[in-house]
file model-v2.cif (mmCIF, C-alpha atoms)
data_input
#
loop_
_atom_site.label_atom_id
_atom_site.label_comp_id
_atom_site.auth_asym_id
_atom_site.auth_seq_id
_atom_site.Cartn_x
_atom_site.Cartn_y
_atom_site.Cartn_z
CA MET I 1 85.13 148.76 118.28
CA ALA I 2 84.37 145.70 120.32
CA GLY I 3 87.73 146.00 122.11
CA CYS I 4 90.16 143.33 123.11
CA THR I 5 89.32 139.78 124.15
CA SER I 6 90.87 137.96 127.08
CA ARG I 7 93.70 136.99 124.74
CA CYS I 8 94.36 140.65 124.14
CA ARG I 9 94.37 141.35 127.86
CA GLN I 10 96.99 138.67 128.39
CA GLY I 11 98.93 140.12 125.49
CA VAL I 12 98.99 143.62 126.91
CA LEU I 13 100.21 142.20 130.23
CA LYS I 14 103.00 140.44 128.34
CA LEU I 15 103.72 143.71 126.57
CA ILE I 16 104.15 145.50 129.90
CA GLN I 17 106.42 142.71 131.14
CA SER I 18 108.54 143.06 128.00
CA LEU I 19 108.72 146.78 128.60
CA GLN I 20 109.93 146.18 132.15
CA ARG I 21 112.74 144.01 130.79
CA LEU I 22 113.62 146.62 128.18
CA VAL I 23 113.85 149.39 130.75
CA SER I 24 115.80 147.33 133.29
CA GLY I 25 118.17 145.94 130.67
CA THR I 26 117.30 142.32 131.43
CA LEU I 27 115.98 141.65 127.94
CA THR I 28 118.93 139.74 126.52
CA LYS I 29 120.47 140.39 123.13
CA ASP I 30 119.45 136.98 121.79
CA LYS I 31 115.91 137.52 122.97
CA THR I 32 115.86 140.98 121.40
CA ASP I 33 117.18 139.64 118.09
CA ASP I 34 114.63 136.83 118.05
CA GLU I 35 111.71 139.11 118.80
CA LEU I 36 112.97 141.76 116.41
CA GLU I 37 113.23 139.25 113.58
CA MET I 38 109.64 138.14 114.19
CA THR I 39 108.56 141.77 114.41
CA MET I 40 110.01 142.64 111.03
CA VAL I 41 108.30 139.66 109.44
CA CYS I 42 104.90 140.13 111.05
CA HIS I 43 104.48 143.89 111.31
CA ARG I 44 105.90 146.98 109.70
CA PRO I 45 104.45 149.90 111.66
CA GLU I 46 104.12 153.15 109.77
CA GLY I 47 105.72 156.23 111.27
CA LEU I 48 108.33 154.30 113.25
CA ASP I 49 111.02 156.88 112.53
CA GLN I 50 108.68 159.61 113.73
CA LEU I 51 107.89 157.70 116.95
CA GLU I 52 111.59 157.14 117.55
CA ALA I 53 112.13 160.89 117.25
CA GLN I 54 109.19 161.65 119.55
CA THR I 55 110.01 159.13 122.30
CA ASN I 56 112.99 157.92 124.30
CA PHE I 57 112.75 154.38 122.90
CA SER I 58 115.02 152.98 120.21
CA LYS I 59 113.68 151.65 116.92
CA GLN I 60 114.29 148.06 118.07
CA GLU I 61 112.39 148.66 121.29
CA LEU I 62 109.49 150.25 119.42
CA GLN I 63 109.33 147.34 116.97
CA ILE I 64 109.20 144.80 119.80
CA LEU I 65 106.54 146.78 121.64
CA TYR I 66 104.52 147.27 118.48
CA ARG I 67 104.57 143.57 117.69
CA GLY I 68 103.30 142.70 121.15
CA PHE I 69 100.64 145.37 121.00
CA LYS I 70 99.37 144.64 117.49
CA ASN I 71 99.79 140.87 117.48
CA GLU I 72 97.85 140.40 120.71
CA CYS I 73 95.34 143.17 120.08
CA PRO I 74 94.61 143.15 116.33
CA SER I 75 92.08 145.97 116.64
CA GLY I 76 95.05 148.22 117.40
CA VAL I 77 93.42 149.76 120.46
CA VAL I 78 92.99 149.06 124.18
CA ASN I 79 89.67 150.11 125.67
CA GLU I 80 88.98 151.12 129.27
CA GLU I 81 87.51 147.76 130.25
CA THR I 82 90.71 145.99 129.24
CA PHE I 83 92.84 148.59 130.98
CA LYS I 84 90.89 148.10 134.22
CA HIS I 85 91.25 144.34 133.93
CA ILE I 86 95.02 144.71 133.66
CA TYR I 87 95.24 146.85 136.78
CA ALA I 88 92.96 144.51 138.70
CA GLN I 89 95.59 141.79 138.17
CA PHE I 90 98.36 144.04 139.46
CA PHE I 91 96.36 144.86 142.61
CA PRO I 92 94.22 141.81 143.46
CA HIS I 93 93.68 142.84 147.09
CA GLY I 94 92.23 146.25 146.33
CA ASP I 95 89.88 147.97 143.94
CA ALA I 96 91.95 149.46 141.11
CA SER I 97 89.00 150.38 138.88
CA MET I 98 88.86 154.10 139.65
CA TYR I 99 92.62 154.66 139.47
CA ALA I 100 92.73 152.71 136.21
CA HIS I 101 89.90 154.92 134.93
CA TYR I 102 91.84 158.12 135.63
CA LEU I 103 95.09 156.65 134.31
CA PHE I 104 93.33 155.49 131.15
CA ASN I 105 92.01 159.01 130.58
CA ALA I 106 95.52 160.40 130.97
CA PHE I 107 96.78 158.06 128.24
CA ASP I 108 93.73 158.72 126.05
CA THR I 109 94.89 162.15 124.94
CA THR I 110 92.37 162.30 122.08
CA ASN I 111 89.37 161.58 124.35
CA ASN I 112 88.02 158.89 122.02
CA GLY I 113 87.66 156.12 124.60
CA SER I 114 90.60 154.04 123.44
CA ILE I 115 94.38 153.94 123.67
CA LYS I 116 96.32 153.40 120.46
CA PHE I 117 99.91 152.24 120.27
CA LYS I 118 101.18 155.78 119.81
CA ASP I 119 99.26 156.99 122.90
CA PHE I 120 100.61 154.09 124.95
CA VAL I 121 104.25 154.54 123.90
CA MET I 122 104.27 158.33 124.16
CA GLY I 123 102.97 158.17 127.74
CA LEU I 124 105.33 155.40 128.82
CA SER I 125 108.28 157.20 127.27
CA ILE I 126 107.63 160.20 129.48
CA LEU I 127 106.94 158.22 132.65
CA LEU I 128 109.87 155.85 132.33
CA ARG I 129 112.53 157.87 130.52
CA GLY I 130 111.36 161.46 130.46
CA THR I 131 112.94 164.41 132.22
CA LEU I 132 111.80 165.33 135.71
CA ARG I 133 109.81 168.24 134.27
CA GLU I 134 108.10 165.99 131.71
CA LYS I 135 107.14 163.44 134.36
CA LEU I 136 105.69 166.11 136.63
CA GLU I 137 103.74 167.68 133.77
CA TRP I 138 102.25 164.28 132.88
CA THR I 139 101.36 163.62 136.52
CA PHE I 140 99.73 167.06 136.75
CA HIS I 141 97.49 166.20 133.80
CA LEU I 142 96.54 162.94 135.53
CA TYR I 143 95.31 164.91 138.55
CA ASP I 144 93.63 167.57 136.38
CA ILE I 145 90.57 165.40 135.79
CA ASN I 146 88.43 167.98 134.00
CA ARG I 147 91.43 169.24 131.99
CA ASP I 148 90.86 172.91 132.75
CA GLY I 149 94.54 173.52 133.51
CA TYR I 150 94.13 173.52 137.30
CA ILE I 151 93.94 170.94 140.10
CA ASN I 152 91.26 171.61 142.70
CA ARG I 153 90.75 169.87 146.02
CA GLU I 154 87.95 167.68 144.70
CA GLU I 155 90.12 166.37 141.85
CA MET I 156 93.07 165.61 144.07
CA THR I 157 90.80 163.93 146.60
CA GLU I 158 89.34 161.71 143.88
CA ILE I 159 92.78 160.54 142.77
CA VAL I 160 94.11 160.03 146.29
CA ARG I 161 91.04 157.99 147.31
CA ALA I 162 91.40 155.92 144.14
CA ILE I 163 95.01 155.17 145.05
CA TYR I 164 94.07 154.07 148.57
CA ASP I 165 91.27 151.89 147.19
CA MET I 166 93.72 150.30 144.76
CA MET I 167 96.25 149.45 147.47
CA GLY I 168 93.55 147.77 149.55
CA LYS I 169 94.58 145.83 152.63
CA TYR I 170 98.26 146.35 151.81
CA THR I 171 98.01 149.97 152.91
CA TYR I 172 99.71 150.04 156.28
CA PRO I 173 98.91 151.20 158.84
CA ALA I 174 95.20 150.76 158.34
CA LEU I 175 93.67 153.96 157.02
CA LYS I 176 90.88 155.88 158.63
CA GLY I 177 88.23 157.45 156.45
CA ASP I 178 89.63 160.97 156.73
CA VAL I 179 93.25 160.14 155.91
CA PRO I 180 92.97 160.85 152.14
CA GLN I 181 91.48 164.26 152.91
CA GLN I 182 94.26 164.97 155.39
CA HIS I 183 96.84 164.22 152.70
CA VAL I 184 95.04 166.48 150.23
CA ASP I 185 94.97 169.30 152.78
CA ALA I 186 98.70 168.89 153.39
CA PHE I 187 99.43 168.88 149.65
CA PHE I 188 97.37 172.01 149.05
CA GLN I 189 99.00 173.85 151.93
CA LYS I 190 102.36 173.37 150.22
CA MET I 191 101.24 173.72 146.59
CA ASP I 192 98.64 176.45 146.55
CA LYS I 193 101.06 179.32 147.08
CA ASN I 194 98.59 182.15 146.40
CA LYS I 195 95.75 180.46 148.34
CA ASP I 196 93.22 180.77 145.50
CA GLY I 197 91.88 177.23 145.97
CA VAL I 198 93.48 175.70 142.87
CA VAL I 199 96.97 174.50 141.91
CA THR I 200 98.52 175.56 138.61
CA LEU I 201 101.09 173.55 136.69
CA GLU I 202 103.92 175.81 137.84
CA GLU I 203 102.81 175.64 141.48
CA PHE I 204 102.65 171.85 141.19
CA VAL I 205 106.09 171.52 139.62
CA ILE I 206 107.79 173.91 142.05
CA ALA I 207 106.21 172.29 145.12
CA CYS I 208 107.24 168.79 144.01
CA GLN I 209 110.78 169.90 143.22
CA GLU I 210 111.11 171.52 146.64
CA ASP I 211 109.72 168.56 148.62
CA GLU I 212 111.19 165.09 148.06
CA THR I 213 108.38 163.37 149.99
CA MET I 214 105.76 165.06 147.85
CA MET I 215 107.70 164.13 144.73
CA ARG I 216 107.58 160.45 145.65
CA SER I 217 103.88 160.68 146.48
CA MET I 218 103.02 162.21 143.13
CA GLN I 219 105.02 159.85 140.93
CA LEU I 220 102.93 156.76 141.69
CA PHE I 221 102.68 155.33 138.21
CA GLU I 222 106.39 154.48 138.06
CA ASN I 223 106.00 152.27 141.13
CA VAL I 224 103.17 150.41 139.42
CA MET I 225 105.26 149.77 136.34
#

call {"tool": "encode", "arguments": {"input": "model-v2.cif", "output": "structure tokens"}}
result
Amino acid sequence: MAGCTSRCRQGVLKLIQSLQRLVSGTLTKDKTDDELEMTMVCHRPEGLDQLEAQTNFSKQELQILYRGFKNECPSGVVNEETFKHIYAQFFPHGDASMYAHYLFNAFDTTNNGSIKFKDFVMGLSILLRGTLREKLEWTFHLYDINRDGYINREEMTEIVRAIYDMMGKYTYPALKGDVPQQHVDAFFQKMDKNKDGVVTLEEFVIACQEDETMMRSMQLFENVM
């Protein structure tokens, strides 16, 4: 598919802003009713009951999110180019392209080069309202770039460098070139319990649960949202 136009990009940004209001509770009842009424007129997404059962969003929230997603992006999908454009607007003083690439791949669970509404909502449900275990499992899969079930030093270094690039000049104090590698070394010292050079899901979860600083470092996506 050709993907979304600039109108779609703006629409997905508005969708994320609506989601922020939903999660924080600042989306007023009148606003919800108005948007829900328009949703029911314009779109009737199939499988809504199933999505409600599979996520931590209510039916009203899903209807509002679906309307924003489908109305602004009629193709029903968000491609990687659009996703990168969105993140570039969140981080104008850095280069968010690589982090957006890895994050896009984490949402694109079917590996088809696009994010559908179900992919988008399922991921956000975990990151914003999931259990601690669910959030850590999702974050592990973000770092597991080649999806072999392990995180190696190269993968973690790629993600950490992408994060520093994204933050740009707002990273304080100014970073030296070897700082990302130093962080990776520190993470691996704590995570890789059996010293085999890779981190398993269980090692990752246990290490994060035992170290509050590491937990905050790993759960970066929530800060972006």

call {"tool": "closest_residue", "arguments": {"input": "model-v2.cif", "among": "I:Ile64, I:Leu103, I:Val199, I:Leu127", "to": "Met156 in chain I", "atoms": "only C-alpha atoms"}}
result
I:Val199

call {"tool": "atom_distance", "arguments": {"input": "model-v2.cif", "atom1": "CA of Ile151 in chain I", "atom2": "CA of Val198 in chain I"}}
result
5.5 Å

call {"tool": "closest_residue", "arguments": {"input": "model-v2.cif", "among": "I:Gly76, I:Gly47, I:Gly197, I:Pro180", "to": "Gln63 in chain I", "atoms": "all atoms listed in the file"}}
result
I:Gly47

call {"tool": "closest_residue", "arguments": {"input": "model-v2.cif", "among": "I:Thr157, I:Asn194, I:Thr110, I:Gln209", "to": "Gln181 in chain I", "atoms": "all atoms listed in the file"}}
result
I:Thr157

call {"tool": "resolve_selection", "arguments": {"input": "model-v2.cif", "expression": "the PyMOL selection byres ((chain I and resi 131-142) around 10)", "output": "PyMOL selection string"}}
result
chain I and resi 99+102-107+123-130+143-151+155-156+159+199-202+204-206+208-209+215+218-222

call {"tool": "resolve_selection", "arguments": {"input": "model-v2.cif", "expression": "the PyMOL selection byres ((chain I and resi 184-186) around 10)", "output": "list in words"}}
result
Asn152, Arg153, Glu154, Glu155, Met156, Thr157, Glu158, Ile159, Val160, Arg161, Val179, Pro180, Gln181, Gln182, His183, Phe187, Phe188, Gln189, Lys190, Met191 and Met214 of chain I

call {"tool": "atom_distance", "arguments": {"input": "model-v2.cif", "atom1": "CA of Asn111 in chain I", "atom2": "CA of Thr82 in chain I"}}
result
16.4 Å

call {"tool": "atom_distance", "arguments": {"input": "model-v2.cif", "atom1": "CA of Phe83 in chain I", "atom2": "CA of His101 in chain I"}}
result
8.0 Å

call {"tool": "closest_residue", "arguments": {"input": "model-v2.cif", "among": "I:Asp165, I:Asp119, I:Glu61, I:Glu81", "to": "Gly94 in chain I", "atoms": "only C-alpha atoms"}}
result
I:Asp165

call {"tool": "resolve_selection", "arguments": {"input": "model-v2.cif", "expression": "the PyMOL selection byres ((chain I and resi 51) around 12)", "output": "list of chain:residue names"}}
result
I:Pro45, I:Glu46, I:Gly47, I:Leu48, I:Asp49, I:Gln50, I:Glu52, I:Ala53, I:Gln54, I:Thr55, I:Asn56, I:Phe57, I:Ser58, I:Lys59, I:Gln60, I:Glu61, I:Leu62, I:Gln63, I:Leu65, I:Tyr66, I:Phe117, I:Lys118, I:Asp119, I:Phe120, I:Val121, I:Met122, I:Gly123, I:Ser125

call {"tool": "build_atoms", "arguments": {"input": "model-v2.cif", "residues": "range 124-140 of chain I", "atoms": "N, CA, C and O atoms", "output": "compact mmCIF listing (two decimals), in the coordinates of the input"}}
result
# COMPACT_ATOMS: atom_id res chain seq x y z
N LEU I 124 104.31 156.20 128.12
CA LEU I 124 105.33 155.40 128.82
C LEU I 124 106.72 156.01 128.65
O LEU I 124 107.54 155.94 129.57
N SER I 125 106.98 156.57 127.50
CA SER I 125 108.28 157.20 127.27
C SER I 125 108.53 158.31 128.26
O SER I 125 109.62 158.45 128.82
N ILE I 126 107.49 159.11 128.51
CA ILE I 126 107.63 160.20 129.48
C ILE I 126 107.80 159.66 130.89
O ILE I 126 108.71 160.06 131.63
N LEU I 127 106.95 158.71 131.27
CA LEU I 127 106.94 158.22 132.65
C LEU I 127 108.19 157.44 133.01
O LEU I 127 108.66 157.48 134.14
N LEU I 128 108.74 156.72 132.03
CA LEU I 128 109.87 155.85 132.33
C LEU I 128 111.22 156.46 131.97
O LEU I 128 112.22 156.15 132.60
N ARG I 129 111.25 157.34 130.98
CA ARG I 129 112.53 157.87 130.52
C ARG I 129 112.52 159.38 130.28
O ARG I 129 113.48 159.92 129.75
N GLY I 130 111.45 160.03 130.67
CA GLY I 130 111.36 161.46 130.46
C GLY I 130 112.17 162.24 131.48
O GLY I 130 112.68 161.69 132.47
N THR I 131 112.29 163.55 131.24
CA THR I 131 112.94 164.41 132.22
C THR I 131 112.03 164.58 133.43
O THR I 131 110.84 164.25 133.39
N LEU I 132 112.60 165.10 134.51
CA LEU I 132 111.80 165.33 135.71
C LEU I 132 110.62 166.25 135.39
O LEU I 132 109.49 166.01 135.83
N ARG I 133 110.87 167.30 134.63
CA ARG I 133 109.81 168.24 134.27
C ARG I 133 108.71 167.54 133.48
O ARG I 133 107.51 167.75 133.73
N GLU I 134 109.09 166.70 132.53
CA GLU I 134 108.10 165.99 131.71
C GLU I 134 107.24 165.06 132.56
O GLU I 134 106.03 164.97 132.38
N LYS I 135 107.88 164.35 133.50
CA LYS I 135 107.14 163.44 134.36
C LYS I 135 106.15 164.20 135.24
O LYS I 135 105.01 163.77 135.42
N LEU I 136 106.58 165.33 135.76
CA LEU I 136 105.69 166.11 136.63
C LEU I 136 104.54 166.71 135.83
O LEU I 136 103.40 166.77 136.31
N GLU I 137 104.81 167.15 134.61
CA GLU I 137 103.74 167.68 133.77
C GLU I 137 102.71 166.60 133.46
O GLU I 137 101.50 166.83 133.51
N TRP I 138 103.17 165.38 133.18
CA TRP I 138 102.25 164.28 132.88
C TRP I 138 101.42 163.95 134.11
O TRP I 138 100.21 163.73 134.02
N THR I 139 102.07 163.92 135.28
CA THR I 139 101.36 163.62 136.52
C THR I 139 100.32 164.71 136.83
O THR I 139 99.22 164.40 137.29
N PHE I 140 100.68 165.96 136.55
CA PHE I 140 99.73 167.06 136.75
C PHE I 140 98.47 166.83 135.92
O PHE I 140 97.35 167.00 136.40
